[in-house]
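*Asks:* One structure, as structure tokens, below. Some questions next.
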Amino acid sequence: MAACSPEISIMHGNMMMGERNLKRGTVVARGKKKGKAVVVGGSIAGLSCAHALIAAGWEVVVIEKSSGPPTGSPTGAGLGLEPLAQELIASWLGRTHLLHNSTLPLTIDQNEATDGDNNINWTLTRDENFSFRAAHWVDLHSLLYSALPPHIFLWGHLYLSFRVSNDKSNVKLKTKILQTGEIIEIVGDLLIAADGCLSSIRRNFLPESKLRYSGYCAWRGVLDFSDNKYLEAITGLRKVYPDLGKCLYFSLGYGTHSVLYELLNQKINWIWYINQPEPELKGNSLTMKVSSDMIQKMHEAAEKVWVPELARIMKETAEPFINVIYDCDPLERIFWDNVVLVGDAAHPTTPHGLRSTNMTILDATVLGKCLEKWGVEALHSALGEFQSIRLPVTSKQVLHSRKMGRIKQGLVLSDRKPFDPKVATPEECYDLQQKNMPFFGEVPSILQQTHAPFDC
């Protein structure tokens, strides 16, 4: 891993010294300017960008309002990593076994119909050449964070604003140190907005751009069954879903569907999508707080919709939560001068195509390769190529994921009647499969020269 410049000396626990050094700007090595990027957001998108840009020879600073990296299980739950994302992450970690040992295989993508009245499921589609891996959000974040120099992070810093210089040679950020209230300024060549689907940096350029409510919300939960008290529930679940541990299960009822798969360390990840009017959200989050009364009503509804074994898993799960599902119509551009959007800030998407994390990792990698190719002196050319490579792909994938969600939720589409899994034809079921995602499995041309498979 390329080391960060000694001009940035932000040692963890010695934040003030790091802040003074950050103001010095970029360094010059061997007569050539070394690019410096300031990343806003310390989630998986921000960490991925840090890896990709350090590999490209850039200096990186990551700004994050949280006081430190997550130490427990946040509301983020399970996610699926496609083969290319697995290889890219392995290249950043330097040891291919680390990701393998922190995930479980998802070699099967299976869609099945469910009849809660008669307590039966039957298969609609089954793809046994899936090659994804299941990860828990906090585990993947920990892997990525642990492989980065800790001194590049400014934890507890709230992004406030930015300003691009008149000659477009740099960008200046203002951040607030939450512990002290002090306002500091950080200068870089490039600002990377990795601040999520509610990106305040995106709103700076596109104030009229709004998130689109999907028409449904998702109950989510992770059941930790390492305690033997859940042995009977898990034994029953495995009888109904015999390929848990290697299969991504989608169960479709009329006007609803659920997702089920196993995570490492004896955990079950489940999601249940429910059509409903758009709820009123408070604060800067798409996750709703739920009351005990709401949880009880969810449990009662689950018993009527799903087979008893799945309904029991939902009931046994501690602290389930609700995600309100949004996406955004594809943007026409994702960079302006010295500012670029990546991840959910660039393309908020519904989760049905397992795209969010995979698009984010590829965004970061392609951005790094473009910056390495063009250098900081031709920054706008680098960002232009990045946009030309990623925007057509992410735009189609966002729209396809939207379509998949509406099909599985039995919602109206312009080209078909609402999907009913109980009477669906094989032709109608074809669109349920993950492999039909546009650009599925494709490697961008800028990566093909150096792309080589890893033994993951």
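Numbering starts fresh at 1 for the residues of each chain in the structure tokens, the chains themselves are lettered A, B, ... in the order given, and ligands are numbered from 1 as they appear.
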Among range 63-278 of chain A, which ones does DSSP assign to strand (DSSP E or B) (computed from the backbone)? Answer as an NGL selection string.
*Replies:* :A and (63-64 or 78-81 or 104-106 or 108-115 or 120-127 or 132-136 or 153-155 or 157-164 or 171-177 or 183-188 or 190-193 or 212-224 or 247-253 or 256-263 or 267-275)
*Asks:* Contacts of range 340-356 of chain A at 8 Å or less, counting only C-alpha atoms, minus same-chain residues fewer than 2 places along, as a ChimeraX atom specification?
*Replies:* /A:45,79-81,190-199,202,211,214,325-328,330-331,334-336,338,358-361,363-364,383,394-395,397-398,400-402,404-405,434,437
*Asks:* One decimal, Å: what's the distance from CA of Lys373 in chain A over to CA of Leu98 in chain A, could you say?
*Replies:*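 Interatomic distance here is 28.9 Å.
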*Asks:* If you run DSSP on the backbone here, which positions in range 214-434 of chain A get alpha helix (DSSP H)? Please write them as an MDAnalysis selection string.
*Replies:* chainID A and resid 231:240 292:305 308:316 356:374 379:408 426:429
*Asks:* Please provide the set of residues having any atom within 12 Å of Glu377 in chain A, restricted to only C-alpha atoms, with same-chain residues fewer than 6 positions apart removed, written as a ChimeraX atom specification.
*Replies:* /A:32-36,168-170,189-190,338,371,383
*Asks:* Which value, in Å to one decimal, gives the distance between CA of Ile120 in chain A and CA of Pro308 in chain A?
*Replies:*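 According to the coordinates, CA of Ile120 in chain A and CA of Pro308 in chain A are separated by 9.6 Å.
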*Asks:* So which one's closest to Asn101 in chain A, A:Lys229, A:Arg133, A:Lys396, A:Arg333? Using only C-alpha atoms, please.
*Replies:* A:Arg133
*Asks:* Work out how far apart CA of Ser291 in chain A and CA of Phe321 in chain A are and give it in Å to one decimal.
*Replies:*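 If I compute the distance from CA of Ser291 in chain A to CA of Phe321 in chain A, I get 9.5 Å.
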*Asks:* Of the residues A:Leu173, A:Ile407, A:Leu88, A:Val62, which is the one nearest to Pro150 in chain A, using only C-alpha atoms?
*Replies:*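 Among the listed residues, A:Val62 lies closest to Pro150 in chain A.
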*Asks:* Set out as CSV a contact list for range 92-129 of chain A and range 249-259 of chain A with a cut-off of 9 Å, giving each residue of range 92-129 of chain A that qualifies its closest atom pair and distance in Å to one decimal, counting only C-alpha atoms, ordered by chain and rising residue number.
*Replies:*
```
residue,atom,partner,partner_atom,distance
A:Ile108,CA,A:Tyr249,CA,8.2
A:Asp109,CA,A:Tyr249,CA,6.5
A:Gln110,CA,A:Tyr249,CA,5.2
A:Asn111,CA,A:Phe250,CA,4.7
A:Glu112,CA,A:Ser251,CA,5.0
A:Ala113,CA,A:Leu252,CA,4.8
A:Thr114,CA,A:Gly253,CA,5.4
A:Asp115,CA,A:Gly253,CA,6.8
A:Gly116,CA,A:Gly253,CA,8.0
A:Asn121,CA,A:Ser251,CA,7.8
```
*Asks:* Restricting the calculation to only C-alpha atoms, which member of A:Ser67, A:His380, A:Lys172, A:Tyr213 is positioned closest to Leu158 in chain A?
*Replies:* A:Ser67
*Asks:* Excluding Ser226 in chain A and residues on its chain fewer than 3 positions from it, collect all residues at most 9 Å away from it, counting only C-alpha atoms, and give them as an NGL selection string.
*Replies:* :A and (229-231 or 265-267)
*Asks:* Tell me, as JSON, numbers by chain, which residues lie within 9 Å of Ala382 in chain A, counting only C-alpha atoms; anything in the same chain fewer than 4 positions away does not count.
*Replies:* {"A": [367, 369, 370, 371, 372, 373, 374, 375, 376, 378, 386, 387]}
*Asks:* Counting only C-alpha atoms, which of A:His141, A:Glu59, A:Phe225, A:Asn323 gets nearest to Leu237 in chain A?
*Replies:*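 Looking only at the distances to Leu237 in chain A, the closest residue turns out to be A:Phe225.
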